[in-house]
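The structure appears right after this line, and notes come after that.
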Amino acid sequence: MFIWFMLAGFIFLLTPHGLTKTFQDAFNRIFSWPLSVGRSFMLSARTDQPFTGPVVGRRKYSELQNHLANVMGQRDQAYEEIERLSGLRRRWPLEGAKLVRAGVIRDPVSGHSELIIDRGQEDGLATGQFVLVDNGIIGTLCDISSRTARVKLFTDSTSTTPVSIAGLPTVMKGTGDNSARVEMVKRKIDVGADVFALKKPGFLDAPMIIGKVAQCERNDKSALLWDITVEPVCDIETIDDITVVVLNPRE
């Protein structure tokens, strides 16, 4: 049988191209329908099936992402405290804190730098308290009256915020254009990395996410250093309500 197959192969090899082409065309005509069915079956099997699961809104997705980032930051802090104070009881972040919800009053004059909220001193608010949106920090309170207060965003040109990026403590300064800058960082930071506001006694007892790295480029004066652009974790233009962290609420 092997010899017969070898002879048949030599015959096809020495057969003129025109004759073999005619044989090939006849084969395609005879088996065209089975071949087309098999091809369509393979294509349908390779086609990605549409996702039919539940759809989560953009804001809810952002809120869950920020919550996860906060939990991871708190976990890292817990590991450090356990190593340093092994055996001592640890107070959980925001334990006993009061979270005050407030509505946003639009102010066309303040633009991207400030927001006005409908809560004030009567609600236990004070200057310097941190403001959250979707579990992410957007700024701190300032200019508080009895029933209203202003929120200075971390993107304000006069705002400076101690932060941590990829474990590196530094200071972030607002640009006044819906972003902030961290200059002269010793190493390159990946775009999309989380930026955490450092804890502040009396106002914030654990790191919380405040932004994400939008750009990382070399410093103009030194090729060994990097400048980082930080963007907020939420769309400030569309928010209607915020949450104020009152760490030591009055009775």
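Residues in the structure tokens are named by chain (A, B, ... in the order shown) and by number from 1 within that chain; ligands are numbered from 1 in the order shown.
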Compile the contact shell of Asn66 of chain A as an mmCIF file with C-alpha atoms, in the first residue's frame: residues with an atom at most 6 Å away, counting only C-alpha atoms, same-chain residues fewer than 2 positions apart removed.
data_model
loop_
_atom_site.group_PDB
_atom_site.id
_atom_site.type_symbol
_atom_site.label_atom_id
_atom_site.label_comp_id
_atom_site.auth_asym_id
_atom_site.auth_seq_id
_atom_site.Cartn_x
_atom_site.Cartn_y
_atom_site.Cartn_z
ATOM 1 C CA GLU A 63 -17.009 54.145 43.744
ATOM 2 C CA LEU A 64 -16.191 50.440 44.064
ATOM 3 C CA LEU A 68 -10.998 48.779 46.965
ATOM 4 C CA ALA A 69 -8.038 51.166 46.808
ATOM 5 C CA ASN A 135 -15.017 56.963 48.625
ATOM 6 C CA GLY A 136 -12.282 59.216 47.223
#
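For segment 192-235 of chain A, backbone-based DSSP labels the following residues as strand (DSSP E or B): Asp194, Val195, Phe196, Ala197, Lys200, Leu204, Met208, Ile209, Ile210, Gly211, Lys212, Val213, Ala214, Gln215, Cys216, Glu217, Arg218, Trp226, Asp227, Ile228, Thr229, Val230 and Glu231 of chain A.
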Using C-alpha atoms, can you write the selected residues to a file as a PDB file, in the first residue's frame?
ATOM      1  CA  ASP A 194      -3.219  55.200  42.929  1.00  0.00           C
ATOM      2  CA  VAL A 195      -2.345  58.347  44.880  1.00  0.00           C
ATOM      3  CA  PHE A 196      -3.201  58.327  48.611  1.00  0.00           C
ATOM      4  CA  ALA A 197      -3.677  61.280  50.935  1.00  0.00           C
ATOM      5  CA  LYS A 200      -3.589  63.634  59.421  1.00  0.00           C
ATOM      6  CA  LEU A 204      -7.875  61.492  58.820  1.00  0.00           C
ATOM      7  CA  MET A 208      -7.367  57.324  51.474  1.00  0.00           C
ATOM      8  CA  ILE A 209      -7.279  57.515  47.720  1.00  0.00           C
ATOM      9  CA  ILE A 210      -7.234  61.052  46.355  1.00  0.00           C
ATOM     10  CA  GLY A 211      -6.297  60.627  42.710  1.00  0.00           C
ATOM     11  CA  LYS A 212      -4.608  58.617  39.990  1.00  0.00           C
ATOM     12  CA  VAL A 213      -1.441  59.230  38.015  1.00  0.00           C
ATOM     13  CA  ALA A 214      -2.447  60.635  34.628  1.00  0.00           C
ATOM     14  CA  GLN A 215       1.034  61.399  33.312  1.00  0.00           C
ATOM     15  CA  CYS A 216       4.670  60.866  34.279  1.00  0.00           C
ATOM     16  CA  GLU A 217       7.362  62.766  32.406  1.00  0.00           C
ATOM     17  CA  ARG A 218      10.979  63.713  32.990  1.00  0.00           C
ATOM     18  CA  TRP A 226      10.199  62.835  37.170  1.00  0.00           C
ATOM     19  CA  ASP A 227       7.152  65.122  37.252  1.00  0.00           C
ATOM     20  CA  ILE A 228       3.751  63.521  37.847  1.00  0.00           C
ATOM     21  CA  THR A 229       0.302  64.811  36.905  1.00  0.00           C
ATOM     22  CA  VAL A 230      -2.534  63.617  39.153  1.00  0.00           C
ATOM     23  CA  GLU A 231      -6.200  63.669  38.169  1.00  0.00           C
TER      24      GLU A 231
END
- prompt: If you count only C-alpha atoms, which residues fall within 10 Å of Gly174 of chain A, apart from same-chain ones fewer than 4 positions away, as a PyMOL selection string?
  reply: chain A and resi 113+153-161+178-182+229-231
Counting only C-alpha atoms, closest pick from A:Leu132, A:Ile138, A:Ile236, A:Leu198 relative to Leu99 of chain A is A:Leu132
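Minimum atom-to-atom distance to Met72 of chain A, evaluated using only C-alpha atoms, belongs to A:Ala206 out of A:Val244, A:Ala206, A:Phe130, A:Leu7.
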Leaving out Ala126 of chain A and any residue of its chain fewer than 6 positions from it, which residues lie within 12 Å of it when counting only C-alpha atoms, given as a ChimeraX atom specification?
/A:100,119-120,140-151,202-203,244-250
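Across the structure, atom CA of Gln121 of chain A and atom CA of Asp134 of chain A are spaced 23.4 Å apart.
Checking A:His67, A:Arg84, A:Arg187, A:Lys173 one by one against Ile137 of chain A, counting only C-alpha atoms, you find the shortest gap at A:His67.
From atom CA of Asp190 of chain A back to atom CA of Ala166 of chain A, the distance works out to 9.0 Å.
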- Mind checking which residues fall within 10 Å of Asp235 of chain A, counting only C-alpha atoms, ignoring those fewer than 3 positions away in the same chain, and posting them as a list in words? Arg59, Ser62, Val133, Asn178, Glu231, Pro232, Thr238 and Ile239 of chain A
